[in-house]
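> Questions regarding the structure given below will be posed in turn.
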Amino acid sequence: MFSPGLRYPAAMRVHLFVIGWEGKHDAVERIVSSASTADFRTVIYSNASGERESGTGEWIAVPNTAFFGLKFARALECFHADADVFLLVQGDAVYEDWSAIVAQCRAAFTDDTVGVWAPHVDYSWWTNERVVMGQGSMGSVVAQTDGICFAFRRSTVKRLRRLDYAGNNLGWGVEWAAIAHAATEGRYAWRDQTLTVQHPQGSGYNHTEARQQQAWFLERLTPQEIGIVHRLLSFVMRPQKRKSPG
């Protein structure tokens, strides 16, 4: 199903991380148990009581004050030494068969030009109209994607581990950092348009604060990476074509 490119025979080993929070245990367990094709499965979760949670795979607790940014940083630390691909899913994402998501993700990274991979998400600010830079038969090269469900290579894990997340608890900007690093390796971000993950509208945090934290975080990229982010931002912020009424 993945558009053919530079393919290699070795299977890519996928480490799935699911981000959980208060009240999401059952939803997270549905994702992890469904993703049976993943080579490694880990949940990074928090809850208000500090009560231990468990289920399929490894479950790692973090303080309830940790939002996506600090949970993402913890996941990077836990990436398995034998894994090739880091796949992250938010606990409120919905898909009928997460094993299919894992399989498509694994297949995508057999193309050495793919640095970041994601399915289509039905509710995201990063719509196709904003981010698609090039169209393939089964997907698109994109300028940006969403942390609701995305994946990247071991080399990007190593790069992202070196960044500082202390001032970016809300986690905006991690996708920019991943895509920028992939670009420094001559790789692109690919959106699989054959898969659509569902995600509810709304968020439980302050967007102004998230943007401030993102600015702080992105300032810590290399000059080359910052230049890539600025070019991609120029693309996604270009005037959008309007459909004629009727």
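Chain labels A, B, ... are given in the sequence in which chains occur in the structure tokens; within each chain residues are numbered consecutively from 1, and ligands are likewise numbered from 1 in the order shown.
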So which residues of range 71-128 of chain A fall under helix (DSSP H, G or I) by DSSP, listed as a PyMOL selection string?

chain A and resi 71-78+98-108+128

> Hey, can you spit out that residue selection with C-alpha atoms as a PDB file, in the first residue's frame?


```pdb
ATOM      1  CA  LYS A  71       5.903  12.520  28.409  1.00  0.00           C
ATOM      2  CA  PHE A  72       7.426  12.675  24.944  1.00  0.00           C
ATOM      3  CA  ALA A  73      10.858  13.222  26.492  1.00  0.00           C
ATOM      4  CA  ARG A  74      10.337  10.194  28.754  1.00  0.00           C
ATOM      5  CA  ALA A  75       9.358   8.086  25.747  1.00  0.00           C
ATOM      6  CA  LEU A  76      12.547   9.107  23.931  1.00  0.00           C
ATOM      7  CA  GLU A  77      14.532   7.894  26.949  1.00  0.00           C
ATOM      8  CA  CYS A  78      12.744   4.527  26.837  1.00  0.00           C
ATOM      9  CA  TRP A  98      -3.899  -0.294  15.150  1.00  0.00           C
ATOM     10  CA  SER A  99      -1.950  -3.311  13.903  1.00  0.00           C
ATOM     11  CA  ALA A 100      -2.609  -1.999  10.385  1.00  0.00           C
ATOM     12  CA  ILE A 101      -1.195   1.400  11.389  1.00  0.00           C
ATOM     13  CA  VAL A 102       1.955  -0.284  12.693  1.00  0.00           C
ATOM     14  CA  ALA A 103       2.286  -2.403   9.544  1.00  0.00           C
ATOM     15  CA  GLN A 104       1.947   0.613   7.249  1.00  0.00           C
ATOM     16  CA  CYS A 105       4.398   2.570   9.358  1.00  0.00           C
ATOM     17  CA  ARG A 106       6.937  -0.266   9.194  1.00  0.00           C
ATOM     18  CA  ALA A 107       6.542  -0.555   5.421  1.00  0.00           C
ATOM     19  CA  ALA A 108       6.980   3.193   4.956  1.00  0.00           C
ATOM     20  CA  ASN A 128      -3.858  18.645   3.617  1.00  0.00           C
TER      21      ASN A 128
END
```

> Within 9 Å of Val32 in chain A, counting only C-alpha atoms, which residues qualify if same-chain residues fewer than 6 places away don't, as a list in words?

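Contacts, in chain order: Leu16, Phe17, Val18, Ala38, Arg41, Thr42, Val43, Gly55, Thr56, Gly57 and Trp98 of chain A.
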
> Taking only C-alpha atoms into account, name the residue in A:Arg191, A:Arg130, A:Arg30, A:Arg220 that is nearest to Ala166 in chain A.

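Using only C-alpha atoms, Ala166 in chain A sits closest to A:Arg220.
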
> Looking at only C-alpha atoms, which of A:Val229, A:Val174, A:Ile148, A:Met138 is the one that sits closest to Val94 in chain A?

A:Ile148

> If you measure from CA of Trp21 in chain A to CA of Gly91 in chain A, what distance in Å do you get, rounded to one decimal?

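Result for CA of Trp21 in chain A versus CA of Gly91 in chain A: 7.6 Å, one decimal.
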
> I need the residues in range 56-214 of chain A that are strand (DSSP E) according to DSSP; give them as JSON, numbers by chain.

{"A": [58, 59, 60, 61, 85, 86, 87, 88, 89, 90, 114, 115, 116, 117, 118, 119, 120, 121, 132, 133, 134, 135, 139, 140, 141, 142, 149, 150, 151, 152, 153, 188, 189, 190, 191, 192, 193, 194, 195, 196, 197]}

> Write a file of the just-selected residues containing C-alpha atoms, as a CSV table (one decimal), in the first residue's frame.


```csv
chain,number,residue,atom,x,y,z
A,58,GLU,CA,5.1,-1.9,29.5
A,59,TRP,CA,3.4,0.9,31.5
A,60,ILE,CA,5.6,3.8,32.8
A,61,ALA,CA,4.2,6.4,35.2
A,85,VAL,CA,11.3,3.3,14.4
A,86,PHE,CA,9.7,5.4,17.1
A,87,LEU,CA,5.8,5.4,16.7
A,88,LEU,CA,3.8,7.7,19.0
A,89,VAL,CA,0.0,7.7,19.4
A,90,GLN,CA,-2.1,9.9,21.7
A,114,VAL,CA,11.2,8.7,4.5
A,115,GLY,CA,12.3,10.5,7.7
A,116,VAL,CA,8.9,11.2,9.4
A,117,TRP,CA,5.7,9.2,8.8
A,118,ALA,CA,2.1,9.8,9.8
A,119,PRO,CA,-1.5,8.8,8.8
A,120,HIS,CA,-4.1,11.3,7.9
A,121,VAL,CA,-6.0,12.6,10.9
A,132,VAL,CA,0.9,19.0,1.2
A,133,MET,CA,4.0,19.8,-0.8
A,134,GLY,CA,3.9,16.9,-3.2
A,135,GLN,CA,1.4,14.2,-4.1
A,139,GLY,CA,0.1,9.7,0.2
A,140,SER,CA,1.8,13.0,0.2
A,141,VAL,CA,5.1,14.7,1.1
A,142,VAL,CA,4.1,17.3,3.8
A,149,CYS,CA,0.1,9.9,15.6
A,150,PHE,CA,3.5,10.1,14.0
A,151,ALA,CA,6.8,8.2,13.6
A,152,PHE,CA,10.4,8.7,12.9
A,153,ARG,CA,13.8,6.9,12.7
A,188,TYR,CA,11.1,14.1,4.1
A,189,ALA,CA,7.8,13.8,6.0
A,190,TRP,CA,5.2,11.5,4.4
A,191,ARG,CA,1.5,11.4,5.1
A,192,ASP,CA,-0.3,8.2,4.3
A,193,GLN,CA,-3.6,9.2,2.9
A,194,THR,CA,-4.9,5.6,2.9
A,195,LEU,CA,-5.3,5.6,6.7
A,196,THR,CA,-7.5,8.1,8.6
A,197,VAL,CA,-7.1,8.3,12.4
```

> Find, counting only C-alpha atoms, the residue in A:Ala182, A:Met237, A:Val62, A:Ala177 that gets nearest to Thr222 in chain A.

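Nearest candidate to Thr222 in chain A out of A:Ala182, A:Met237, A:Val62, A:Ala177: A:Ala177.
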
> Any idea what the distance is between CA of Ala93 in chain A and CA of Ile19 in chain A?

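Distance between the two atoms: 10.0 Å.
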
> Looking at A:Tyr95, A:Phe79, A:Tyr123, A:Phe68, which one is nearest to Gln201 in chain A, with distances taken over only C-alpha atoms?

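Answer, going by the shortest atom-to-atom distance: A:Tyr123.
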
> Fewer than 6 positions away in the same chain doesn't count, so skip those; otherwise give me all residues within 9 Å of Gly171 in chain A, counting only C-alpha atoms, as a list in words.

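In the requested form, the answer reads Phe67, Phe68, Gly69, Leu70, Lys71, Phe72, Tyr165, Ala210, Gln213, Gln214 and Phe217 of chain A.
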
> Could you save those same residues with C-alpha atoms as a short mmCIF file (atom, residue, chain, number, x, y, z; two decimals), in the first residue's frame?


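Contents of the output file again.cif:
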```cif
data_model
loop_
_atom_site.label_atom_id
_atom_site.label_comp_id
_atom_site.auth_asym_id
_atom_site.auth_seq_id
_atom_site.Cartn_x
_atom_site.Cartn_y
_atom_site.Cartn_z
CA PHE A 67 1.89 17.01 29.79
CA PHE A 68 2.79 15.88 26.29
CA GLY A 69 6.25 17.49 26.13
CA LEU A 70 7.63 15.81 29.23
CA LYS A 71 5.90 12.52 28.41
CA PHE A 72 7.43 12.68 24.94
CA TYR A 165 12.12 19.76 27.26
CA ALA A 210 1.83 26.37 24.32
CA GLN A 213 6.85 27.17 25.11
CA GLN A 214 7.20 26.13 21.47
CA PHE A 217 11.96 25.02 22.45
#
```

> With only C-alpha atoms as the atoms that count, which of A:Gln212, A:Thr127, A:Ser46, A:Thr113 lies nearest to Gly23 in chain A?

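Using only C-alpha atoms, Gly23 in chain A sits closest to A:Ser46.
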
> Taking only C-alpha atoms into account, which of A:Ala11, A:Asn168, A:Trp126, A:Ser33 comes nearest Ala66 in chain A?

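Looking only at the distances to Ala66 in chain A, the closest residue turns out to be A:Asn168.
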
> Residues within 12 Å of Asp82 in chain A, please, as a ChimeraX atom specification. Count only C-alpha atoms; anything in the same chain fewer than 4 positions from it doesn't count.

/A:12-15,39-40,78,86,154
